[in-house]
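> Provided below: coords14.pdb, containing PDB, C-alpha atoms.
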```
ATOM      1  CA  MET K  33     -89.673  -8.136  29.240
ATOM      2  CA  TRP K  34     -90.646  -7.733  25.586
ATOM      3  CA  LEU K  35     -91.762  -4.603  23.725
ATOM      4  CA  LEU K  36     -94.291  -4.701  20.892
ATOM      5  CA  ASP K  37     -93.705  -2.126  18.156
ATOM      6  CA  VAL K  38     -96.655   0.037  17.115
ATOM      7  CA  ASN K  39     -97.237  -2.075  13.996
ATOM      8  CA  LEU K  40     -98.247  -5.156  15.996
ATOM      9  CA  PRO K  41    -101.734  -5.824  17.354
ATOM     10  CA  LYS K  42    -102.007  -5.378  21.117
ATOM     11  CA  LYS K  43    -103.535  -8.871  21.288
ATOM     12  CA  VAL K  44    -100.046 -10.275  20.754
ATOM     13  CA  GLY K  45     -99.117  -9.056  24.246
ATOM     14  CA  GLY K  46    -101.936 -11.090  25.764
ATOM     15  CA  LEU K  47    -100.898 -14.163  23.812
ATOM     16  CA  LEU K  48     -97.310 -13.829  25.015
ATOM     17  CA  GLY K  49     -98.608 -13.449  28.559
ATOM     18  CA  GLU K  50    -100.204 -16.888  28.274
ATOM     19  CA  PHE K  51     -96.665 -18.245  27.806
ATOM     20  CA  GLY K  52     -95.341 -16.352  30.811
ATOM     21  CA  ILE K  53     -93.717 -13.579  28.777
ATOM     22  CA  GLU K  54     -94.263 -10.058  30.064
ATOM     23  CA  ALA K  55     -94.943  -7.835  27.044
ATOM     24  CA  HIS K  56     -95.866  -4.164  26.683
ATOM     25  CA  CYS K  57     -96.942  -2.074  23.705
ATOM     26  CA  ALA K  58     -94.828   0.901  22.623
ATOM     27  CA  ASP K  59     -97.989   3.018  22.306
ATOM     28  CA  ASP K  60     -99.040   2.235  25.871
ATOM     29  CA  ARG K  61     -95.690   3.552  27.120
ATOM     30  CA  GLY K  62     -96.015   6.759  25.080
ATOM     31  CA  TRP K  63     -93.337   5.674  22.607
ATOM     32  CA  GLY K  64     -95.489   5.471  19.488
ATOM     33  CA  HIS K  65     -93.850   8.560  18.020
ATOM     34  CA  LEU K  66     -90.227   7.407  18.491
ATOM     35  CA  THR K  67     -88.034   6.552  15.534
ATOM     36  CA  ASN K  68     -86.662   3.014  15.438
ATOM     37  CA  GLY K  69     -83.271   3.962  16.869
ATOM     38  CA  ALA K  70     -84.804   6.031  19.669
ATOM     39  CA  LEU K  71     -87.196   3.169  20.432
ATOM     40  CA  VAL K  72     -84.270   0.774  20.890
ATOM     41  CA  GLY K  73     -82.639   3.198  23.322
ATOM     42  CA  ALA K  74     -85.824   3.811  25.304
ATOM     43  CA  ALA K  75     -86.574   0.095  25.458
ATOM     44  CA  GLN K  76     -83.077  -0.752  26.672
ATOM     45  CA  GLN K  77     -83.166   1.924  29.373
ATOM     46  CA  ALA K  78     -86.566   0.666  30.557
ATOM     47  CA  GLY K  79     -85.312  -2.912  30.905
ATOM     48  CA  PHE K  80     -86.749  -4.509  27.756
ATOM     49  CA  HIS K  81     -84.749  -7.395  26.305
ATOM     50  CA  CYS K  82     -86.635  -7.956  23.076
ATOM     51  CA  ILE K  83     -88.483  -5.816  20.527
ATOM     52  CA  LEU K  84     -91.073  -7.447  18.288
ATOM     53  CA  THR K  85     -91.889  -5.661  15.038
ATOM     54  CA  ARG K  86     -93.258  -6.226  11.541
ATOM     55  CA  ASP K  87     -91.020  -3.466  10.158
ATOM     56  CA  ARG K  88     -88.631  -5.305   7.848
ATOM     57  CA  LEU K  89     -86.300  -2.297   7.693
ATOM     58  CA  PHE K  90     -86.217  -1.781  11.475
ATOM     59  CA  SER K  91     -82.738  -3.267  11.882
ATOM     60  CA  GLU K  92     -81.329  -1.062   9.120
ATOM     61  CA  SER K  93     -82.796   2.157  10.463
ATOM     62  CA  ALA K  94     -81.882   1.296  14.067
ATOM     63  CA  ALA K  95     -78.448  -0.193  13.301
ATOM     64  CA  ARG K  96     -76.470   2.362  15.312
ATOM     65  CA  ALA K  97     -78.658   1.970  18.399
ATOM     66  CA  LEU K  98     -78.595  -1.828  18.128
ATOM     67  CA  LYS K  99     -74.772  -1.737  18.134
ATOM     68  CA  LEU K 100     -74.838   0.363  21.319
ATOM     69  CA  PHE K 101     -77.080  -2.209  23.033
ATOM     70  CA  PRO K 102     -75.779  -5.643  21.949
ATOM     71  CA  SER K 103     -77.848  -7.443  24.589
ATOM     72  CA  SER K 104     -81.093  -6.395  22.870
ATOM     73  CA  ALA K 105     -82.891  -8.833  20.603
ATOM     74  CA  LEU K 106     -84.968  -7.841  17.608
ATOM     75  CA  TYR K 107     -87.534 -10.133  15.967
ATOM     76  CA  TRP K 108     -89.555  -9.457  12.833
TER      77      TRP K 108
END
```
Show me, as structure tokens, the structure contained in the file I just sent.

Amino acid sequence: MWLLDVNLPKKVGGLLGEFGIEAHCADDRGWGHLTNGALVGAAQQAGFHCILTRDRLFSESAARALKLFPSSALYW
């Protein structure tokens, strides 16, 4: 299951669905207000394996959380 960060168009979720990838938007889950690190934690607890974002500094600001959840993938 993949999570789309708030800076991605929701249409991306539909496109991923065409390839058999289940994707959800952070906003739709009520996570639009979370900081990057908190988003990683919430996503991991909810069963997401991948976060898609356009935030080039996401990995820097969420570094601590990403170390806590090494099975998470981050793409930007």
> Please check which residues have atoms at most 9 Å from (-95.8, -4.9, 20.9) in the file's coordinates, counting all atoms listed in the file, and write them as a list of chain:residue names.
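Within 9 Å of (-95.8, -4.9, 20.9), the protein and nucleic acid residues are K:Trp34, K:Leu35, K:Leu36, K:Asp37, K:Val38, K:Asn39, K:Leu40, K:Pro41, K:Lys42, K:Lys43, K:Val44, K:Gly45, K:Ala55, K:His56, K:Cys57, K:Ala58, K:Asp59, K:Ile83, K:Leu84, K:Thr85.
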> Keeping only C-alpha atoms, write the selected residues as a PDB file, keeping the file's coordinate frame.

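selection-v1.pdb written:
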```pdb
ATOM      1  CA  TRP K  34     -90.646  -7.733  25.586  1.00  0.00           C
ATOM      2  CA  LEU K  35     -91.762  -4.603  23.725  1.00  0.00           C
ATOM      3  CA  LEU K  36     -94.291  -4.701  20.892  1.00  0.00           C
ATOM      4  CA  ASP K  37     -93.705  -2.126  18.156  1.00  0.00           C
ATOM      5  CA  VAL K  38     -96.655   0.037  17.115  1.00  0.00           C
ATOM      6  CA  ASN K  39     -97.237  -2.075  13.996  1.00  0.00           C
ATOM      7  CA  LEU K  40     -98.247  -5.156  15.996  1.00  0.00           C
ATOM      8  CA  PRO K  41    -101.734  -5.824  17.354  1.00  0.00           C
ATOM      9  CA  LYS K  42    -102.007  -5.378  21.117  1.00  0.00           C
ATOM     10  CA  LYS K  43    -103.535  -8.871  21.288  1.00  0.00           C
ATOM     11  CA  VAL K  44    -100.046 -10.275  20.754  1.00  0.00           C
ATOM     12  CA  GLY K  45     -99.117  -9.056  24.246  1.00  0.00           C
ATOM     13  CA  ALA K  55     -94.943  -7.835  27.044  1.00  0.00           C
ATOM     14  CA  HIS K  56     -95.866  -4.164  26.683  1.00  0.00           C
ATOM     15  CA  CYS K  57     -96.942  -2.074  23.705  1.00  0.00           C
ATOM     16  CA  ALA K  58     -94.828   0.901  22.623  1.00  0.00           C
ATOM     17  CA  ASP K  59     -97.989   3.018  22.306  1.00  0.00           C
ATOM     18  CA  ILE K  83     -88.483  -5.816  20.527  1.00  0.00           C
ATOM     19  CA  LEU K  84     -91.073  -7.447  18.288  1.00  0.00           C
ATOM     20  CA  THR K  85     -91.889  -5.661  15.038  1.00  0.00           C
TER      21      THR K  85
END
```
> Atom CA of K:Leu66 and atom CA of K:Leu89, how far apart in Å?
15.0 Å
> If I take atom CA of K:Met33 and atom CA of K:Glu92, how far is one from the other in Å, to one decimal?
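Result for atom CA of K:Met33 versus atom CA of K:Glu92: 22.9 Å, one decimal.
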> Please compute the atom CA of K:Asp60-atom CA of K:Arg88 distance, one decimal, in Å.
22.1 Å
> Could you check which of K:His81, K:Gly64, K:Arg86, K:Gly73 is closest to K:Lys99, using all atoms listed in the file?
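Looking at the shortest contact to K:Lys99, the residue is K:Gly73.
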> Could you list as a list in words every residue that has an atom within 12 Å of (-87.9, 6.1, 16.5), using the file's coordinates and counting all atoms listed in the file?
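Every residue inside that radius is included here: Asp37, Val38, Ala58, Gly62, Trp63, Gly64, His65, Leu66, Thr67, Asn68, Gly69, Ala70, Leu71, Val72, Gly73, Ala74, Ala75, Asp87, Phe90, Ser91, Ser93, Ala94, Ala95 and Ala97 of chain K.
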> If you take every atom of stretch 56-74 of chain K that the file lists and fit an axis-aligned box around them with 6 Å extra on each side, what centre and edge lengths come out in Å to one decimal, as AutoDock Vina command-line options?

```
--center_x -90.8 --center_y 2.2 --center_z 21.3 --size_x 28.4 --size_y 24.7 --size_z 23.7
```
> Calculated over only C-alpha atoms, which of the candidates K:Cys82, K:Phe51, K:Arg61, K:Gln76 has the smallest distance to K:Leu100?
K:Gln76
> Have stretch 48-65 of chain K completed to N, CA and C atoms, please, and pass it along as a PDB file, keeping the file's coordinate frame.

```
ATOM      1  N   LEU K  48     -98.616 -13.579  24.401  1.00  0.00           N
ATOM      2  CA  LEU K  48     -97.310 -13.829  25.015  1.00  0.00           C
ATOM      3  C   LEU K  48     -97.447 -14.039  26.520  1.00  0.00           C
ATOM      4  N   GLY K  49     -98.361 -13.296  27.127  1.00  0.00           N
ATOM      5  CA  GLY K  49     -98.608 -13.449  28.559  1.00  0.00           C
ATOM      6  C   GLY K  49     -99.045 -14.857  28.922  1.00  0.00           C
ATOM      7  N   GLU K  50     -99.775 -15.512  28.037  1.00  0.00           N
ATOM      8  CA  GLU K  50    -100.204 -16.888  28.274  1.00  0.00           C
ATOM      9  C   GLU K  50     -99.022 -17.852  28.340  1.00  0.00           C
ATOM     10  N   PHE K  51     -97.886 -17.433  27.773  1.00  0.00           N
ATOM     11  CA  PHE K  51     -96.665 -18.245  27.806  1.00  0.00           C
ATOM     12  C   PHE K  51     -95.689 -17.749  28.878  1.00  0.00           C
ATOM     13  N   GLY K  52     -96.165 -16.859  29.732  1.00  0.00           N
ATOM     14  CA  GLY K  52     -95.341 -16.352  30.811  1.00  0.00           C
ATOM     15  C   GLY K  52     -94.375 -15.258  30.418  1.00  0.00           C
ATOM     16  N   ILE K  53     -94.593 -14.648  29.256  1.00  0.00           N
ATOM     17  CA  ILE K  53     -93.717 -13.579  28.777  1.00  0.00           C
ATOM     18  C   ILE K  53     -94.387 -12.239  29.038  1.00  0.00           C
ATOM     19  N   GLU K  54     -93.733 -11.397  29.801  1.00  0.00           N
ATOM     20  CA  GLU K  54     -94.263 -10.058  30.064  1.00  0.00           C
ATOM     21  C   GLU K  54     -94.003  -9.181  28.837  1.00  0.00           C
ATOM     22  N   ALA K  55     -95.057  -8.649  28.259  1.00  0.00           N
ATOM     23  CA  ALA K  55     -94.943  -7.835  27.044  1.00  0.00           C
ATOM     24  C   ALA K  55     -95.752  -6.558  27.203  1.00  0.00           C
ATOM     25  N   HIS K  56     -95.214  -5.470  26.643  1.00  0.00           N
ATOM     26  CA  HIS K  56     -95.866  -4.164  26.683  1.00  0.00           C
ATOM     27  C   HIS K  56     -95.854  -3.560  25.286  1.00  0.00           C
ATOM     28  N   CYS K  57     -96.840  -2.735  24.997  1.00  0.00           N
ATOM     29  CA  CYS K  57     -96.942  -2.074  23.705  1.00  0.00           C
ATOM     30  C   CYS K  57     -96.237  -0.713  23.760  1.00  0.00           C
ATOM     31  N   ALA K  58     -95.521  -0.383  22.696  1.00  0.00           N
ATOM     32  CA  ALA K  58     -94.828   0.901  22.623  1.00  0.00           C
ATOM     33  C   ALA K  58     -95.814   2.054  22.802  1.00  0.00           C
ATOM     34  N   ASP K  59     -96.972   1.967  22.182  1.00  0.00           N
ATOM     35  CA  ASP K  59     -97.989   3.018  22.306  1.00  0.00           C
ATOM     36  C   ASP K  59     -98.421   3.231  23.752  1.00  0.00           C
ATOM     37  N   ASP K  60     -98.592   2.144  24.486  1.00  0.00           N
ATOM     38  CA  ASP K  60     -99.040   2.235  25.871  1.00  0.00           C
ATOM     39  C   ASP K  60     -98.010   2.926  26.759  1.00  0.00           C
ATOM     40  N   ARG K  61     -96.746   2.902  26.350  1.00  0.00           N
ATOM     41  CA  ARG K  61     -95.690   3.552  27.120  1.00  0.00           C
ATOM     42  C   ARG K  61     -95.426   4.969  26.620  1.00  0.00           C
ATOM     43  N   GLY K  62     -96.200   5.418  25.633  1.00  0.00           N
ATOM     44  CA  GLY K  62     -96.015   6.759  25.080  1.00  0.00           C
ATOM     45  C   GLY K  62     -94.875   6.850  24.088  1.00  0.00           C
ATOM     46  N   TRP K  63     -94.462   5.717  23.522  1.00  0.00           N
ATOM     47  CA  TRP K  63     -93.337   5.674  22.607  1.00  0.00           C
ATOM     48  C   TRP K  63     -93.751   5.504  21.147  1.00  0.00           C
ATOM     49  N   GLY K  64     -95.009   5.674  20.852  1.00  0.00           N
ATOM     50  CA  GLY K  64     -95.489   5.471  19.488  1.00  0.00           C
ATOM     51  C   GLY K  64     -94.887   6.421  18.478  1.00  0.00           C
ATOM     52  N   HIS K  65     -94.402   7.544  18.917  1.00  0.00           N
ATOM     53  CA  HIS K  65     -93.850   8.560  18.020  1.00  0.00           C
ATOM     54  C   HIS K  65     -92.343   8.418  17.804  1.00  0.00           C
TER      55      HIS K  65
END
```
